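Dropping start_12.pdb in here (PDB, C-alpha atoms):
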ATOM      1  CA  MET A 255      23.311 -59.806 -73.855
ATOM      2  CA  ASP A 256      21.631 -60.448 -77.194
ATOM      3  CA  ASP A 257      19.073 -57.738 -76.456
ATOM      4  CA  TYR A 258      21.756 -55.174 -75.542
ATOM      5  CA  LEU A 259      22.022 -52.276 -77.992
ATOM      6  CA  PRO A 260      25.503 -51.969 -79.557
ATOM      7  CA  LEU A 261      27.053 -48.521 -78.997
ATOM      8  CA  ALA A 262      27.630 -48.031 -82.729
ATOM      9  CA  TYR A 263      23.880 -48.337 -83.315
ATOM     10  CA  LEU A 264      23.212 -45.682 -80.687
ATOM     11  CA  ASN A 265      25.380 -43.423 -82.858
ATOM     12  CA  ALA A 266      23.265 -44.388 -85.885
ATOM     13  CA  TRP A 267      20.043 -43.756 -83.923
ATOM     14  CA  GLU A 268      21.036 -40.237 -82.982
ATOM     15  CA  TYR A 269      22.268 -39.485 -86.508
ATOM     16  CA  CYS A 270      19.090 -40.774 -88.157
ATOM     17  CA  PRO A 271      16.407 -43.084 -86.676
ATOM     18  CA  ARG A 272      15.623 -44.445 -90.153
ATOM     19  CA  ARG A 273      19.291 -45.374 -90.712
ATOM     20  CA  PHE A 274      19.257 -47.085 -87.292
ATOM     21  CA  TYR A 275      16.194 -49.070 -88.334
ATOM     22  CA  PHE A 276      17.772 -50.207 -91.592
ATOM     23  CA  GLU A 277      21.034 -51.234 -89.927
ATOM     24  CA  TYR A 278      19.962 -52.562 -86.532
ATOM     25  CA  VAL A 279      16.462 -53.902 -87.110
ATOM     26  CA  LEU A 280      16.716 -55.023 -90.758
ATOM     27  CA  GLY A 281      20.454 -55.807 -90.820
ATOM     28  CA  GLU A 282      21.043 -53.753 -93.977
ATOM     29  CA  MET A 283      24.516 -52.375 -94.648
ATOM     30  CA  GLU A 284      25.832 -50.598 -97.698
ATOM     31  CA  ILE A 285      29.493 -49.763 -98.173
ATOM     32  CA  ASN A 286      30.531 -46.407 -99.581
ATOM     33  CA  ASP A 287      33.783 -44.441 -99.634
ATOM     34  CA  HIS A 288      33.101 -42.917 -96.175
ATOM     35  CA  ILE A 289      32.805 -46.368 -94.599
ATOM     36  CA  ILE A 290      35.874 -47.665 -96.450
ATOM     37  CA  ARG A 291      37.942 -44.655 -95.321
ATOM     38  CA  GLY A 292      36.694 -45.031 -91.751
ATOM     39  CA  ASN A 293      37.645 -48.710 -91.680
ATOM     40  CA  HIS A 294      41.054 -47.902 -93.178
ATOM     41  CA  LEU A 295      41.760 -45.236 -90.551
ATOM     42  CA  HIS A 296      40.728 -47.632 -87.758
ATOM     43  CA  ARG A 297      43.119 -50.372 -88.879
ATOM     44  CA  ASN A 298      45.886 -49.170 -86.534
ATOM     45  CA  ILE A 299      43.699 -48.932 -83.450
ATOM     46  CA  ASN A 300      41.690 -52.117 -83.834
ATOM     47  CA  GLU A 301      44.212 -54.283 -81.994
ATOM     48  CA  ALA A 302      43.324 -54.980 -78.375
ATOM     49  CA  GLY A 303      46.062 -54.467 -75.836
ATOM     50  CA  THR A 304      47.644 -52.119 -73.352
ATOM     51  CA  SER A 305      50.580 -49.790 -73.848
ATOM     52  CA  ILE A 306      52.223 -47.074 -71.779
ATOM     53  CA  GLU A 307      53.080 -43.589 -73.027
ATOM     54  CA  GLY A 308      54.706 -41.476 -70.318
ATOM     55  CA  ASP A 309      52.369 -41.471 -67.306
ATOM     56  CA  THR A 310      49.419 -42.736 -69.335
ATOM     57  CA  ARG A 311      48.337 -46.339 -69.698
ATOM     58  CA  ILE A 312      46.320 -46.867 -72.898
ATOM     59  CA  HIS A 313      43.859 -49.758 -73.084
ATOM     60  CA  ARG A 314      42.824 -50.297 -76.719
ATOM     61  CA  GLN A 315      39.628 -51.989 -77.902
ATOM     62  CA  GLN A 316      37.928 -52.193 -74.531
ATOM     63  CA  TRP A 317      34.726 -54.214 -74.270
ATOM     64  CA  VAL A 318      32.150 -52.330 -72.174
ATOM     65  CA  TRP A 319      28.518 -52.912 -71.259
ATOM     66  CA  SER A 320      25.759 -51.704 -68.957
ATOM     67  CA  ASP A 321      23.239 -54.096 -67.471
ATOM     68  CA  ARG A 322      21.129 -51.122 -66.325
ATOM     69  CA  LEU A 323      20.909 -49.502 -69.794
ATOM     70  CA  LYS A 324      21.208 -52.711 -71.838
ATOM     71  CA  VAL A 325      23.977 -51.380 -74.096
ATOM     72  CA  LYS A 326      27.291 -52.917 -75.064
ATOM     73  CA  GLY A 327      30.209 -52.337 -77.367
ATOM     74  CA  ILE A 328      33.880 -51.756 -77.898
ATOM     75  CA  ILE A 329      35.428 -48.391 -77.198
ATOM     76  CA  ASP A 330      38.514 -47.541 -79.265
ATOM     77  CA  ALA A 331      40.660 -46.711 -76.233
ATOM     78  CA  VAL A 332      40.574 -45.862 -72.543
ATOM     79  CA  GLU A 333      43.438 -43.731 -71.289
ATOM     80  CA  GLU A 334      44.307 -44.069 -67.626
ATOM     81  CA  THR A 335      46.333 -41.345 -65.909
ATOM     82  CA  ASP A 336      46.622 -41.097 -62.115
ATOM     83  CA  GLY A 337      43.568 -43.353 -61.770
ATOM     84  CA  LEU A 338      41.395 -41.169 -64.018
ATOM     85  CA  LEU A 339      39.791 -43.043 -66.920
ATOM     86  CA  ILE A 340      39.281 -41.127 -70.173
ATOM     87  CA  PRO A 341      37.310 -42.916 -72.904
ATOM     88  CA  LEU A 342      38.567 -42.101 -76.412
ATOM     89  CA  GLU A 343      36.893 -42.638 -79.773
ATOM     90  CA  TYR A 344      38.444 -42.143 -83.212
ATOM     91  CA  LYS A 345      36.241 -40.752 -85.972
ATOM     92  CA  LYS A 346      36.955 -40.288 -89.673
ATOM     93  CA  GLY A 347      35.249 -36.950 -90.162
ATOM     94  CA  LYS A 348      35.596 -33.482 -88.781
ATOM     95  CA  MET A 349      34.204 -32.054 -85.591
ATOM     96  CA  GLY A 350      30.559 -31.480 -86.290
ATOM     97  CA  LYS A 351      27.434 -30.162 -84.749
ATOM     98  CA  HIS A 352      25.803 -33.571 -84.466
ATOM     99  CA  LEU A 353      25.562 -35.177 -81.057
ATOM    100  CA  ASN A 354      25.690 -38.767 -82.324
ATOM    101  CA  ASP A 355      29.425 -39.115 -81.565
ATOM    102  CA  HIS A 356      28.938 -37.511 -78.133
ATOM    103  CA  PHE A 357      26.092 -39.905 -77.310
ATOM    104  CA  GLN A 358      28.185 -42.937 -78.287
ATOM    105  CA  LEU A 359      31.119 -41.718 -76.155
ATOM    106  CA  CYS A 360      28.880 -40.841 -73.212
ATOM    107  CA  ALA A 361      27.176 -44.248 -73.356
ATOM    108  CA  ALA A 362      30.616 -45.906 -73.281
ATOM    109  CA  ALA A 363      31.500 -43.789 -70.226
ATOM    110  CA  LEU A 364      28.243 -44.815 -68.507
ATOM    111  CA  CYS A 365      29.197 -48.440 -69.137
ATOM    112  CA  LEU A 366      32.679 -47.869 -67.717
ATOM    113  CA  GLU A 367      31.232 -46.147 -64.666
ATOM    114  CA  GLU A 368      28.913 -49.058 -64.009
ATOM    115  CA  ARG A 369      31.763 -51.561 -64.350
ATOM    116  CA  THR A 370      34.412 -49.628 -62.368
ATOM    117  CA  LYS A 371      32.176 -47.726 -59.886
ATOM    118  CA  GLN A 372      34.277 -44.678 -60.754
ATOM    119  CA  GLU A 373      32.969 -41.328 -62.021
ATOM    120  CA  ILE A 374      34.183 -40.362 -65.488
ATOM    121  CA  PRO A 375      33.863 -36.583 -65.981
ATOM    122  CA  TYR A 376      34.797 -36.381 -69.668
ATOM    123  CA  GLY A 377      36.020 -38.254 -72.715
ATOM    124  CA  GLU A 378      37.649 -37.314 -75.989
ATOM    125  CA  ILE A 379      37.007 -37.842 -79.688
ATOM    126  CA  PHE A 380      39.905 -37.708 -82.126
ATOM    127  CA  TYR A 381      38.661 -36.489 -85.499
ATOM    128  CA  TYR A 382      40.979 -37.468 -88.346
ATOM    129  CA  GLY A 383      39.513 -34.716 -90.530
ATOM    130  CA  ASN A 384      40.757 -32.042 -88.105
ATOM    131  CA  ARG A 385      43.689 -34.050 -86.761
ATOM    132  CA  ARG A 386      42.811 -33.064 -83.227
ATOM    133  CA  ARG A 387      40.847 -34.142 -80.200
ATOM    134  CA  GLN A 388      37.626 -32.707 -78.942
ATOM    135  CA  GLN A 389      36.962 -32.971 -75.220
ATOM    136  CA  VAL A 390      33.393 -33.949 -74.395
ATOM    137  CA  GLU A 391      32.204 -33.087 -70.883
ATOM    138  CA  PHE A 392      29.749 -35.636 -69.516
ATOM    139  CA  THR A 393      27.323 -33.079 -68.140
ATOM    140  CA  GLN A 394      24.101 -34.193 -66.485
ATOM    141  CA  THR A 395      22.248 -32.927 -69.564
ATOM    142  CA  LEU A 396      24.351 -35.070 -71.934
ATOM    143  CA  ARG A 397      23.969 -38.074 -69.630
ATOM    144  CA  ASN A 398      20.171 -37.634 -69.535
ATOM    145  CA  LEU A 399      19.920 -37.153 -73.315
ATOM    146  CA  THR A 400      22.104 -40.224 -73.890
ATOM    147  CA  GLU A 401      19.945 -42.373 -71.626
ATOM    148  CA  GLN A 402      16.779 -41.072 -73.334
ATOM    149  CA  ALA A 403      18.275 -41.914 -76.753
ATOM    150  CA  ILE A 404      19.123 -45.432 -75.550
ATOM    151  CA  MET A 405      15.543 -45.969 -74.342
ATOM    152  CA  ALA A 406      14.100 -44.531 -77.572
ATOM    153  CA  ALA A 407      16.332 -46.780 -79.706
ATOM    154  CA  HIS A 408      15.288 -49.864 -77.721
ATOM    155  CA  LEU A 409      11.614 -48.955 -78.228
ATOM    156  CA  ALA A 410      12.044 -48.127 -81.933
ATOM    157  CA  SER A 411      13.263 -51.606 -82.770
ATOM    158  CA  ASN A 412       9.740 -52.919 -82.070
ATOM    159  CA  ARG A 413       7.892 -50.231 -84.020
ATOM    160  CA  PRO A 414       7.343 -49.447 -87.716
ATOM    161  CA  MET A 415      10.195 -47.937 -89.712
ATOM    162  CA  PRO A 416      10.570 -44.173 -89.099
ATOM    163  CA  LEU A 417      10.076 -41.717 -91.953
ATOM    164  CA  PRO A 418      13.146 -40.040 -93.498
ATOM    165  CA  ILE A 419      14.617 -37.134 -91.556
ATOM    166  CA  THR A 420      14.334 -33.570 -92.820
ATOM    167  CA  ASN A 421      18.053 -32.760 -92.604
ATOM    168  CA  GLN A 422      19.152 -33.229 -96.250
ATOM    169  CA  LYS A 423      22.844 -32.723 -95.364
ATOM    170  CA  LYS A 424      22.798 -35.963 -93.382
ATOM    171  CA  CYS A 425      21.211 -37.796 -96.308
ATOM    172  CA  THR A 426      23.726 -36.567 -98.881
ATOM    173  CA  ASP A 427      26.630 -38.818 -97.862
ATOM    174  CA  CYS A 428      24.626 -41.628 -96.261
ATOM    175  CA  SER A 429      25.584 -45.077 -97.523
ATOM    176  CA  LEU A 430      21.958 -46.203 -97.206
ATOM    177  CA  LYS A 431      20.473 -43.476 -99.413
ATOM    178  CA  ARG A 432      19.724 -45.986-102.201
ATOM    179  CA  LEU A 433      17.760 -48.185 -99.812
ATOM    180  CA  CYS A 434      16.151 -45.382 -97.838
ATOM    181  CA  LEU A 435      15.008 -43.295-100.813
ATOM    182  CA  PRO A 436      14.417 -40.205 -98.650
ATOM    183  CA  LYS A 437      13.288 -37.872-101.473
ATOM    184  CA  GLU A 438      10.951 -40.450-102.971
ATOM    185  CA  ILE A 439       9.395 -41.392 -99.621
ATOM    186  CA  LYS A 440       8.855 -37.724 -98.734
ATOM    187  CA  LYS A 441       7.077 -37.170-102.072
ATOM    188  CA  LEU A 442       4.832 -40.181-101.444
ATOM    189  CA  VAL A 443       3.968 -39.005 -97.945
ATOM    190  CA  LYS A 444       3.196 -35.485 -99.202
ATOM    191  CA  SER A 445       0.891 -36.757-101.939
ATOM    192  CA  HIS A 446      -1.272 -38.696 -99.460
TER
END
How does the structure come out when it is put into structure tokens?
Amino acid sequence: MDDYLPLAYLNAWEYCPRRFYFEYVLGEMEINDHIIRGNHLHRNINEAGTSIEGDTRIHRQQWVWSDRLKVKGIIDAVEETDGLLIPLEYKKGKMGKHLNDHFQLCAAALCLEERTKQEIPYGEIFYYGNRRRQQVEFTQTLRNLTEQAIMAAHLASNRPMPLPITNQKKCTDCSLKRLCLPKEIKKLVKSH
């Protein structure tokens, strides 16, 4: 499973292919306040185990993988109610317009489906910034886009580093901005 793409890197790929390349291919990691806060918020959910709340069984820190897609990872929780499995991820930020969190959750659901042979219609993301859950429907479109992103990420790891993205908002809070140098690289590319 060494060649299996970790789910967290799929999230990085969809957020920014250059960030993915730095982290996954080159093994670079920079810590900033966003990463520290995210790790701090995850401290309570990072213990594996099962608990019961009412009619719901909660499996925390579930290891999942797909031999078909060659992805693997740990999902924060899987809630089981009346036989229905609902994958759940916890995220530091607020509900956004970026699909990176949806792709990571959908990929985890695809792994669960492969392992359990059970269809998973939706999952949920709890955003600490909003203090509420967002339901993510696993539509055929999202499934297809997720699988395409997985294939693209696998291919990208054997290609040259991608150029910086054009979405400056994503670059603003990125922990890898000092390594990536998006403004500087864009100026160099323009001048040639």
Completion exercise
From the list A:Ala262, A:Leu442, A:Cys270, A:Ile312, the nearest residue to Gly327 (chain A) using only C-alpha atoms is A:Ala262
Exercise for the section: Measuring atom to atom with only C-alpha atoms, identify which of A:Arg432, A:Arg385, A:Arg397, A:Lys441 is nearest to Leu417 (chain A). Expected result: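 The answer is A:Lys441, which sits nearest to Leu417 (chain A).
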Problem - Target residues per the PyMOL selection byres ((chain A and resi 423) around 12), formatted as a ChimeraX atom specification - result: /A:269-270,350-352,419-422,424-428,431,436
Handout entry: Residue nearest Thr304 (chain A) among A:Glu333, A:Glu438, A:Glu367, A:Glu378 (counting all atoms listed in the file)
Key =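 Residue with the minimum atom-to-atom distance to Thr304 (chain A): A:Glu333.
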Exercise for the section: Quick one: apply the PyMOL selection byres ((chain A and resi 272) around 10) to the file and drop the selected residues here as a list in words. Expected result: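 Expected selection for the PyMOL selection byres ((chain A and resi 272) around 10) here is Ala266, Trp267, Glu268, Tyr269, Cys270, Pro271, Arg273, Phe274, Tyr275, Phe276, Glu277, Tyr278, Val279, Ala410, Pro414, Met415, Pro416, Leu417, Pro418, Ile419, Leu430, Cys434 and Pro436 of chain A.
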Practice task
Please indicate the distance in Å from CA of Val318 (chain A) to CA of Arg369 (chain A), rounded to one decimal place.
Solution key: 7.9 Å
Practice task
Let me know the residues the PyMOL selection byres ((chain A and resi 309) around 10) catches in the file above, as number ranges by chain.
Solution key: A: 306-308, 310-312, 334-336
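Counting from CA of Pro260 (chain A), the distance to CA of Pro341 (chain A) is 16.3 Å.
CA of Tyr263 (chain A) sits 12.0 Å away from CA of Ala406 (chain A).
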Practice task
Kindly indicate which residue among A:Asp355, A:Glu282, A:Asp256, A:Glu301 lies nearest to Asp330 (chain A), using all atoms listed in the file for the distances.
Solution key: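 The shortest atom-to-atom distance to Asp330 (chain A) comes from A:Glu301.
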Problem - Best match for closeness to Leu264 (chain A) among A:Thr395, A:Arg322, A:His408, A:Lys444, counting only C-alpha atoms - result: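 Closest residue, counting only C-alpha atoms: A:His408.
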Problem - Among listed residues A:Val332, A:Tyr344, A:Asp257, A:Leu280, nearest Asn384 (chain A) (using only C-alpha atoms) - result: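 Closest to Asn384 (chain A), using only C-alpha atoms: A:Tyr344.
Here the residues that fall within 8 Å of (38.5, -43.1, -62.7), using only C-alpha atoms, are given as Glu334, Gly337, Leu338, Leu339, Ile340, Thr370, Gln372, Glu373 and Ile374 of chain A.
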